[in-house]
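*Asks:* File name input-v2.txt; file contents compact mmCIF, C-alpha atoms; full text below.
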```
# COMPACT_ATOMS: atom_id res chain seq x y z
CA MET O 1 93.31 104.69 61.63
CA LYS O 2 89.77 106.12 61.74
CA HIS O 3 88.44 102.62 62.49
CA ASN O 4 90.70 102.42 65.57
CA GLN O 5 89.50 105.81 66.77
CA ILE O 6 85.88 104.73 66.39
CA VAL O 7 86.54 101.46 68.25
CA ILE O 8 88.33 103.34 71.03
CA THR O 9 85.58 105.95 71.28
CA VAL O 10 82.87 103.28 71.46
CA PHE O 11 84.86 101.28 73.99
CA SER O 12 85.55 104.37 76.11
CA THR O 13 81.85 105.15 76.13
CA LEU O 14 81.02 101.59 77.18
CA CYS O 15 83.62 101.76 79.96
CA PHE O 16 82.12 105.02 81.17
CA LEU O 17 78.64 103.52 81.21
CA LEU O 18 79.94 100.48 83.05
CA LEU O 19 81.66 102.71 85.58
CA VAL O 20 78.49 104.72 86.13
CA ASN O 21 76.16 101.71 86.31
CA ALA O 22 78.34 99.18 88.14
CA PRO O 23 77.80 100.65 91.62
CA LEU O 24 74.05 100.84 90.99
CA ASN O 25 73.88 97.23 89.76
CA ALA O 26 76.09 96.04 92.61
CA GLN O 27 73.95 97.88 95.16
CA THR O 28 70.75 96.39 93.77
CA SER O 29 72.22 92.90 93.93
CA LYS O 30 73.60 93.49 97.42
CA ASN O 31 70.23 94.74 98.66
CA GLU O 32 68.49 91.68 97.23
CA GLU O 33 70.97 89.39 99.00
CA HIS O 34 70.95 91.33 102.28
CA GLN O 35 67.46 92.61 102.96
CA HIS O 36 68.54 93.33 106.55
CA ASN O 37 70.98 95.99 105.32
CA HIS O 38 68.44 98.77 106.03
CA GLY O 39 69.70 100.94 103.19
CA HIS O 40 73.36 101.27 104.22
CA ASN O 41 75.54 101.40 101.13
CA GLU O 42 78.69 99.36 101.73
CA LEU O 43 79.97 99.99 98.20
CA THR O 44 80.54 103.73 98.34
CA GLY O 45 83.66 105.15 96.75
CA SER O 46 84.63 102.81 93.98
CA ALA O 47 83.61 100.19 91.46
CA LEU O 48 87.00 98.58 92.06
CA LYS O 49 86.66 95.64 94.40
CA LEU O 50 88.47 92.50 95.37
CA ASN O 51 87.29 88.93 94.99
CA GLN O 52 86.01 88.35 98.52
CA GLY O 53 89.14 89.98 99.90
CA ASN O 54 91.48 88.32 97.42
CA LYS O 55 93.02 89.57 94.21
CA TRP O 56 91.37 88.50 90.96
CA GLN O 57 93.09 85.78 88.97
CA THR O 58 94.65 86.84 85.67
CA ASP O 59 94.89 85.04 82.37
CA VAL O 60 97.73 84.98 79.85
CA ALA O 61 96.19 87.73 77.70
CA LEU O 62 95.74 90.09 80.66
CA ARG O 63 99.27 89.51 81.92
CA GLN O 64 100.74 89.98 78.44
CA GLY O 65 98.74 93.12 77.62
CA MET O 66 99.37 94.80 80.97
CA GLN O 67 103.06 93.91 80.86
CA ASN O 68 103.33 95.45 77.39
CA ILE O 69 101.64 98.64 78.63
CA TYR O 70 103.96 98.70 81.65
CA ASP O 71 107.06 98.28 79.47
CA SER O 72 105.98 101.02 77.07
CA VAL O 73 105.18 103.44 79.89
CA MET O 74 108.43 102.76 81.73
CA ASN O 75 110.37 103.39 78.50
CA ALA O 76 108.77 106.84 78.27
CA ALA O 77 108.89 107.76 81.97
CA ASN O 78 112.41 109.17 81.90
CA ALA O 79 111.61 111.51 79.01
CA PHE O 80 108.45 112.66 80.83
CA HIS O 81 110.37 113.36 84.04
CA HIS O 82 112.92 115.40 82.13
CA ALA O 83 110.14 117.27 80.27
CA SER O 84 111.50 115.98 76.96
CA LEU O 85 108.65 113.69 75.92
CA THR O 86 107.74 114.89 72.43
CA GLN O 87 104.31 115.02 70.86
CA THR O 88 105.37 112.27 68.42
CA GLU O 89 106.59 110.02 71.25
CA ALA O 90 103.45 110.69 73.29
CA LYS O 91 101.17 109.84 70.37
CA LYS O 92 103.14 106.67 69.73
CA LEU O 93 102.83 105.65 73.39
CA ALA O 94 99.12 106.45 73.41
CA ALA O 95 98.69 104.31 70.28
CA GLN O 96 100.59 101.44 71.95
CA ILE O 97 98.36 101.66 75.02
CA ASN O 98 95.22 101.78 72.86
CA GLY O 99 96.47 98.78 70.87
CA GLN O 100 97.08 96.78 74.04
CA VAL O 101 93.65 97.72 75.37
CA GLU O 102 92.13 96.43 72.13
CA TYR O 103 94.12 93.23 72.62
CA LEU O 104 92.84 92.90 76.19
CA VAL O 105 89.25 93.41 75.16
CA ALA O 106 89.53 90.88 72.35
CA ASN O 107 91.43 88.19 74.27
CA CYS O 108 90.81 88.31 78.03
CA GLN O 109 88.78 85.43 79.42
CA LEU O 110 88.11 86.74 82.91
CA GLU O 111 85.05 85.98 84.97
CA PRO O 112 82.42 88.75 84.75
CA GLN O 113 83.17 90.44 88.09
CA ALA O 114 86.93 90.49 87.42
CA ASP O 115 86.23 91.77 83.92
CA ALA O 116 84.14 94.62 85.37
CA VAL O 117 87.05 95.64 87.64
CA LEU O 118 89.45 95.45 84.70
CA HIS O 119 87.18 97.64 82.60
CA VAL O 120 87.36 100.40 85.21
CA LEU O 121 91.16 100.32 84.94
CA ILE O 122 90.98 100.13 81.14
CA GLY O 123 88.73 103.18 81.07
CA GLU O 124 91.31 105.08 83.12
CA LEU O 125 94.11 103.90 80.81
CA LEU O 126 92.20 105.12 77.76
CA THR O 127 91.47 108.48 79.39
CA GLY O 128 95.14 108.88 80.25
CA ALA O 129 96.23 107.84 76.76
CA GLU O 130 93.89 110.39 75.20
CA ALA O 131 95.25 113.17 77.43
CA LEU O 132 98.81 112.03 76.71
CA SER O 133 98.29 112.19 72.96
CA LYS O 134 96.99 115.76 73.24
CA GLU O 135 99.56 117.13 75.68
CA PRO O 136 102.66 114.99 76.35
CA LEU O 137 103.57 116.64 79.65
CA SER O 138 100.07 116.95 81.08
CA ASN O 139 99.42 115.57 84.56
CA GLN O 140 96.27 113.95 83.16
CA GLY O 141 98.34 111.83 80.75
CA LEU O 142 101.32 109.73 81.77
CA PRO O 143 100.95 110.32 85.54
CA GLN O 144 97.37 109.02 85.38
CA ILE O 145 98.47 105.98 83.40
CA VAL O 146 101.19 105.31 85.98
CA LYS O 147 98.56 105.49 88.75
CA VAL O 148 96.56 102.80 86.98
CA LEU O 149 99.69 100.64 86.74
CA GLN O 150 100.26 101.21 90.47
CA ARG O 151 96.68 100.18 91.35
CA TYR O 152 96.47 97.20 88.98
CA PRO O 153 98.38 94.78 91.27
CA ASP O 154 96.14 95.78 94.18
CA TYR O 155 93.27 94.05 92.40
CA PHE O 156 94.87 91.45 90.12
CA ASP O 157 97.26 88.61 90.89
CA HIS O 158 99.95 89.11 88.26
CA PRO O 159 103.00 86.99 89.15
CA GLY O 160 106.25 88.83 88.48
CA TRP O 161 104.65 92.29 88.26
CA LYS O 162 107.19 94.95 89.14
CA ALA O 163 105.93 97.76 91.33
CA VAL O 164 105.83 101.21 89.78
CA THR O 165 107.74 103.30 92.28
CA HIS O 166 107.71 106.76 90.71
CA GLU O 167 105.13 109.04 89.13
```
Hey, can you dump this file as structure tokens for me?
*Replies:*
Amino acid sequence: MKHNQIVITVFSTLCFLLLVNAPLNAQTSKNEEHQHNHGHNELTGSALKLNQGNKWQTDVALRQGMQNIYDSVMNAANAFHHASLTQTEAKKLAAQINGQVEYLVANCQLEPQADAVLHVLIGELLTGAEALSKEPLSNQGLPQIVKVLQRYPDYFDHPGWKAVTHE
């Protein structure tokens, strides 16, 4: 169990660094490509971006891992909404999310730019899972995870993905 916590901590740190550095790296690259930009930053606001206006393609591992996270979260949503999600259930859900994130990291074969977008979402999933495991009814836990699941199909083409309609 300690090994999983170390892996998750290291991965969370890497995601944070990616999130912090991605806009800087993207801006540098954009400035090199568009010298006529005169310093205007077109990338403000988010490291999440589309593939030239289109959603990123997914692979089998991404679809499977995200679907498993979705299913686990939807199974717990009712208990959360009725304020009956227990600490044990919350820790189990957080462990399931962390396990699926490990699966995604180990098995996804996305192109680098799509992978960078995914890692932003993964970082948010891990942050939500950590909050969930500490306080089952916290707004920083399950509601944040649900927001990630709501945003995921905005950036990734996942055939058959069911919209998350409640928080």
*Asks:* Using all atoms listed in the file, which of the listed residues (O:Tyr155, O:Glu124, O:Glu135, O:Ala116) sits closest to O:Ala47?
*Replies:* O:Ala116
*Asks:* Atom CA of O:Ala106 and atom CA of O:Gln140 are how many Å apart?
*Replies:*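 A separation of 26.4 Å between them.
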*Asks:* Any idea what's packed within 12 Å of O:Lys134, counting all atoms listed in the file, ignoring anything in its chain fewer than 6 positions away? Could you give it as a list of chain:residue names?
*Replies:*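 My list of contacting residues is O:Thr86, O:Gln87, O:Thr88, O:Glu89, O:Ala90, O:Lys91, O:Lys92, O:Leu93, O:Ala94, O:Ala95, O:Thr127, O:Gly128, O:Gln140, O:Gly141, O:Leu142.
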*Asks:* Nearest to O:Val164: which of O:Val73, O:Leu110, O:Ala83, O:Val60 is it, counting all atoms listed in the file?
*Replies:*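 Result for the nearest residue to O:Val164: O:Val73.
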*Asks:* I need the residue nearest O:Leu126 from this list: O:Gln144, O:Asn78, O:Asn68, O:Asn54. Use all atoms listed in the file for the distance.
*Replies:*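 Looking only at the distances to O:Leu126, the closest residue turns out to be O:Gln144.
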*Asks:* Which one of O:Lys162, O:Tyr103, O:Gln113, O:Ser133 sits closest to O:Gln57 if you count only C-alpha atoms?
*Replies:*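 For O:Gln57, the nearest of the given residues is O:Gln113.
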*Asks:* Taking (91.0, 95.2, 74.9) in the file's own coordinates, collect the residues within 10 Å, counting all atoms listed in the file, and hand them back as a PyMOL selection string.
*Replies:* chain O and resi 8+11+61-62+65+97-108+118-119+122
*Asks:* Rank nothing, just name the residue among O:Leu48, O:Val148, O:Ala76, O:Ile69 nearest to O:Pro136, using all atoms listed in the file.
*Replies:*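 Comparing O:Leu48, O:Val148, O:Ala76, O:Ile69 against O:Pro136, the winner is O:Ala76.
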*Asks:* From the options O:Asp71, O:Ser84, O:Leu121, O:Glu130, which residue's atoms come nearest to O:Asp154, counting only C-alpha atoms?
*Replies:*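 Closest candidate: O:Leu121.
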*Asks:* What separation in Å, quoted to one decimal, exists between atom CA of O:Leu149 and atom CA of O:Ala163?
*Replies:* 8.3 Å
*Asks:* Would you compute an axis-aligned box for stretch 109-119 of chain O, covering every atom listed for it in the file with 5 Å of margin on each side, and report centre and edge lengths in Å to one decimal as AutoDock Vina command-line options?
*Replies:*
```
--center_x 85.9 --center_y 91.5 --center_z 83.8 --size_x 17.0 --size_y 22.2 --size_z 18.7
```
*Asks:* Please reconstruct the missing atoms of stretch 78-92 of chain O (target: N, CA and C atoms) and return them as a short mmCIF file (atom, residue, chain, number, x, y, z; two decimals), in the frame of the given file.
*Replies:*
```
data_model
loop_
_atom_site.label_atom_id
_atom_site.label_comp_id
_atom_site.auth_asym_id
_atom_site.auth_seq_id
_atom_site.Cartn_x
_atom_site.Cartn_y
_atom_site.Cartn_z
N ASN O 78 111.24 108.31 81.75
CA ASN O 78 112.41 109.17 81.90
C ASN O 78 112.25 110.46 81.09
N ALA O 79 111.82 110.33 79.85
CA ALA O 79 111.61 111.51 79.01
C ALA O 79 110.55 112.43 79.63
N PHE O 80 109.48 111.85 80.19
CA PHE O 80 108.45 112.66 80.83
C PHE O 80 109.04 113.42 82.01
N HIS O 81 109.80 112.72 82.85
CA HIS O 81 110.37 113.36 84.04
C HIS O 81 111.37 114.46 83.71
N HIS O 82 111.97 114.36 82.55
CA HIS O 82 112.92 115.40 82.13
C HIS O 82 112.26 116.41 81.18
N ALA O 83 110.93 116.35 81.11
CA ALA O 83 110.14 117.27 80.27
C ALA O 83 110.61 117.26 78.82
N SER O 84 111.04 116.09 78.34
CA SER O 84 111.50 115.98 76.96
C SER O 84 110.67 115.00 76.14
N LEU O 85 109.54 114.58 76.67
CA LEU O 85 108.65 113.69 75.92
C LEU O 85 107.99 114.50 74.81
N THR O 86 108.25 114.12 73.57
CA THR O 86 107.74 114.89 72.43
C THR O 86 106.31 114.48 72.10
N GLN O 87 105.65 115.31 71.32
CA GLN O 87 104.31 115.02 70.86
C GLN O 87 104.28 113.71 70.07
N THR O 88 105.28 113.50 69.22
CA THR O 88 105.37 112.27 68.42
C THR O 88 105.52 111.05 69.32
N GLU O 89 106.40 111.14 70.31
CA GLU O 89 106.59 110.02 71.25
C GLU O 89 105.33 109.76 72.06
N ALA O 90 104.68 110.83 72.49
CA ALA O 90 103.45 110.69 73.29
C ALA O 90 102.34 110.04 72.47
N LYS O 91 102.19 110.45 71.23
CA LYS O 91 101.17 109.84 70.37
C LYS O 91 101.47 108.37 70.11
N LYS O 92 102.75 108.06 69.94
CA LYS O 92 103.14 106.67 69.73
C LYS O 92 102.82 105.84 70.97
#
```
